[in-house]
Amino acid sequence: MTDRKLIELANDVMANSYSPYSRFKVGAAVECADGSIYVGCNIENAAFGVTVCAETVAIASAVAAGQRGFKRIAIISEGGAYSFPCGTCRQFLNEFSPELEVLCARSDGRYVSYPLSSLLPMAYGRD
């Protein structure tokens, strides 16, 4: 799976975003250690605290299917800026794959890549 294809899958699922409050659609696609792909989009709620980010939905879908190891995740939004995971998502991603590669994309298809450890230094984890 190429970076571009993973970003394309994230972009495709972004259309399913339920974001009536922020109107900020986000899509994510995660590549598992075995090569399988799971996608997610953000899902908002009037009780904002229960809103779920796209990255969390993608990882949760994979975990529900029995996955535990992840190689890369692509995140994209409709805005012109690169889409980085929020702090909560960074911790959530770290729970499963501290060495995860994070592809942060813009709506024009440009992207940057970071190891999760650089986005969440001194992370709190199982160890």
# chains A, B, ... in the order shown; residues from 1 in each chain; ligands from 1
call {"tool": "residues_around", "arguments": {"residues": "stretch 83-86 of chain A", "least_positions_apart": "5", "cutoff": "9 Å", "atoms": "only C-alpha atoms", "output": "ChimeraX atom specification"}}
result
/A:26,53,55,75-77,91,102-106,111,119
call {"tool": "residues_around", "arguments": {"residues": "stretch 12-19 of chain A", "least_positions_apart": "6", "cutoff": "7 Å", "atoms": "only C-alpha atoms", "output": "MDAnalysis selection string"}}
result
chainID A and resid 25:27 39:44
call {"tool": "write_last_selection", "arguments": {"atoms": "C-alpha atoms", "output": "PDB file, in the first residue's frame"}}
result
ATOM      1  CA  LYS A  25     -14.888  16.699   8.178  1.00  0.00           C
ATOM      2  CA  VAL A  26     -11.981  14.368   8.906  1.00  0.00           C
ATOM      3  CA  GLY A  27     -11.118  10.946   7.508  1.00  0.00           C
ATOM      4  CA  VAL A  39     -11.051   3.508   7.945  1.00  0.00           C
ATOM      5  CA  GLY A  40     -12.873   5.980  10.146  1.00  0.00           C
ATOM      6  CA  CYS A  41     -14.408   9.430  10.068  1.00  0.00           C
ATOM      7  CA  ASN A  42     -15.186  11.892  12.834  1.00  0.00           C
ATOM      8  CA  ILE A  43     -18.581  11.554  14.505  1.00  0.00           C
ATOM      9  CA  GLU A  44     -19.817  14.553  16.450  1.00  0.00           C
TER      10      GLU A  44
END
call {"tool": "atom_distance", "arguments": {"atom1": "atom CA of A:Ala54", "atom2": "atom CA of A:Phe96"}}
result
16.0 Å
call {"tool": "atom_distance", "arguments": {"atom1": "atom CA of A:Tyr124", "atom2": "atom CA of A:Ile59"}}
result
18.3 Å
call {"tool": "select_by_dssp", "arguments": {"residues": "stretch 27-125 of chain A", "states": "strand (DSSP E)", "output": "PyMOL selection string"}}
result
chain A and resi 27-32+37-41+70-77+101-105+111-115
call {"tool": "write_last_selection", "arguments": {"atoms": "N, CA and C atoms", "output": "JSON list (two decimals), in the first residue's frame"}}
result
[["chain", "number", "residue", "atom", "x", "y", "z"],
["A", 27, "GLY", "N", -11.16, 12.37, 7.83],
["A", 27, "GLY", "CA", -11.12, 10.95, 7.51],
["A", 27, "GLY", "C", -9.77, 10.37, 7.89],
["A", 28, "ALA", "N", -9.75, 9.09, 8.23],
["A", 28, "ALA", "CA", -8.51, 8.41, 8.59],
["A", 28, "ALA", "C", -8.53, 7.00, 8.03],
["A", 29, "ALA", "N", -7.35, 6.51, 7.68],
["A", 29, "ALA", "CA", -7.19, 5.12, 7.25],
["A", 29, "ALA", "C", -5.94, 4.58, 7.93],
["A", 30, "VAL", "N", -6.07, 3.44, 8.57],
["A", 30, "VAL", "CA", -4.95, 2.84, 9.28],
["A", 30, "VAL", "C", -4.56, 1.53, 8.59],
["A", 31, "GLU", "N", -3.24, 1.35, 8.42],
["A", 31, "GLU", "CA", -2.72, 0.11, 7.86],
["A", 31, "GLU", "C", -2.21, -0.75, 9.01],
["A", 32, "CYS", "N", -2.73, -1.95, 9.10],
["A", 32, "CYS", "CA", -2.36, -2.88, 10.16],
["A", 32, "CYS", "C", -1.07, -3.60, 9.81],
["A", 37, "ILE", "N", -6.51, -2.84, 6.00],
["A", 37, "ILE", "CA", -6.80, -1.41, 6.15],
["A", 37, "ILE", "C", -8.16, -1.24, 6.81],
["A", 38, "TYR", "N", -8.24, -0.29, 7.74],
["A", 38, "TYR", "CA", -9.50, 0.09, 8.38],
["A", 38, "TYR", "C", -9.61, 1.60, 8.29],
["A", 39, "VAL", "N", -10.83, 2.07, 8.11],
["A", 39, "VAL", "CA", -11.05, 3.51, 7.94],
["A", 39, "VAL", "C", -11.99, 4.03, 9.02],
["A", 40, "GLY", "N", -11.97, 5.34, 9.19],
["A", 40, "GLY", "CA", -12.87, 5.98, 10.15],
["A", 40, "GLY", "C", -13.05, 7.44, 9.79],
["A", 41, "CYS", "N", -14.14, 8.00, 10.24],
["A", 41, "CYS", "CA", -14.41, 9.43, 10.07],
["A", 41, "CYS", "C", -14.85, 9.99, 11.42],
["A", 70, "PHE", "N", -0.17, -1.85, 14.31],
["A", 70, "PHE", "CA", -0.43, -0.90, 13.23],
["A", 70, "PHE", "C", 0.88, -0.32, 12.72],
["A", 71, "LYS", "N", 0.94, -0.11, 11.39],
["A", 71, "LYS", "CA", 2.15, 0.43, 10.76],
["A", 71, "LYS", "C", 2.02, 1.92, 10.47],
["A", 72, "ARG", "N", 0.93, 2.31, 9.84],
["A", 72, "ARG", "CA", 0.76, 3.70, 9.41],
["A", 72, "ARG", "C", -0.69, 4.12, 9.54],
["A", 73, "ILE", "N", -0.88, 5.44, 9.72],
["A", 73, "ILE", "CA", -2.22, 6.00, 9.68],
["A", 73, "ILE", "C", -2.16, 7.28, 8.85],
["A", 74, "ALA", "N", -3.15, 7.46, 7.99],
["A", 74, "ALA", "CA", -3.28, 8.68, 7.19],
["A", 74, "ALA", "C", -4.48, 9.45, 7.71],
["A", 75, "ILE", "N", -4.31, 10.76, 7.86],
["A", 75, "ILE", "CA", -5.37, 11.63, 8.37],
["A", 75, "ILE", "C", -5.51, 12.81, 7.41],
["A", 76, "ILE", "N", -6.75, 13.12, 7.03],
["A", 76, "ILE", "CA", -6.99, 14.22, 6.10],
["A", 76, "ILE", "C", -8.28, 14.94, 6.49],
["A", 77, "SER", "N", -8.33, 16.23, 6.18],
["A", 77, "SER", "CA", -9.55, 17.01, 6.41],
["A", 77, "SER", "C", -9.79, 17.91, 5.20],
["A", 101, "GLU", "N", 3.76, 5.30, 12.06],
["A", 101, "GLU", "CA", 4.04, 6.40, 11.14],
["A", 101, "GLU", "C", 2.73, 7.15, 10.92],
["A", 102, "VAL", "N", 2.75, 8.47, 11.05],
["A", 102, "VAL", "CA", 1.54, 9.29, 10.93],
["A", 102, "VAL", "C", 1.67, 10.17, 9.69],
["A", 103, "LEU", "N", 0.78, 9.94, 8.72],
["A", 103, "LEU", "CA", 0.73, 10.75, 7.50],
["A", 103, "LEU", "C", -0.33, 11.82, 7.70],
["A", 104, "CYS", "N", 0.08, 13.07, 7.71],
["A", 104, "CYS", "CA", -0.81, 14.21, 7.92],
["A", 104, "CYS", "C", -1.01, 14.89, 6.58],
["A", 105, "ALA", "N", -2.22, 14.81, 6.04],
["A", 105, "ALA", "CA", -2.49, 15.28, 4.68],
["A", 105, "ALA", "C", -3.31, 16.56, 4.66],
["A", 111, "TYR", "N", 1.23, 15.98, 1.76],
["A", 111, "TYR", "CA", 1.27, 15.41, 3.10],
["A", 111, "TYR", "C", 2.68, 15.45, 3.67],
["A", 112, "VAL", "N", 2.73, 15.32, 4.98],
["A", 112, "VAL", "CA", 3.98, 15.19, 5.71],
["A", 112, "VAL", "C", 3.89, 13.92, 6.55],
["A", 113, "SER", "N", 5.02, 13.37, 6.91],
["A", 113, "SER", "CA", 5.06, 12.11, 7.66],
["A", 113, "SER", "C", 5.92, 12.28, 8.90],
["A", 114, "TYR", "N", 5.41, 11.76, 10.01],
["A", 114, "TYR", "CA", 6.12, 11.83, 11.29],
["A", 114, "TYR", "C", 5.98, 10.50, 12.02],
["A", 115, "PRO", "N", 7.02, 10.10, 12.77],
["A", 115, "PRO", "CA", 6.82, 8.98, 13.69],
["A", 115, "PRO", "C", 5.97, 9.50, 14.86]]
call {"tool": "select_by_dssp", "arguments": {"residues": "chain A", "states": "helix (DSSP H, G or I)", "output": "ChimeraX atom specification"}}
result
/A:3-14,48-50,54-64,87-96,116-119
call {"tool": "closest_residue", "arguments": {"among": "A:Thr2, A:Leu9, A:Asp108, A:Thr51", "to": "A:Glu78", "atoms": "only C-alpha atoms"}}
result
A:Asp108
call {"tool": "closest_residue", "arguments": {"among": "A:Asn45, A:Asn94, A:Ser36, A:Thr88", "to": "A:Ser61", "atoms": "only C-alpha atoms"}}
result
A:Ser36
call {"tool": "closest_residue", "arguments": {"among": "A:Gly109, A:Met122, A:Ala33, A:Gly87", "to": "A:Asn11", "atoms": "only C-alpha atoms"}}
result
A:Gly109
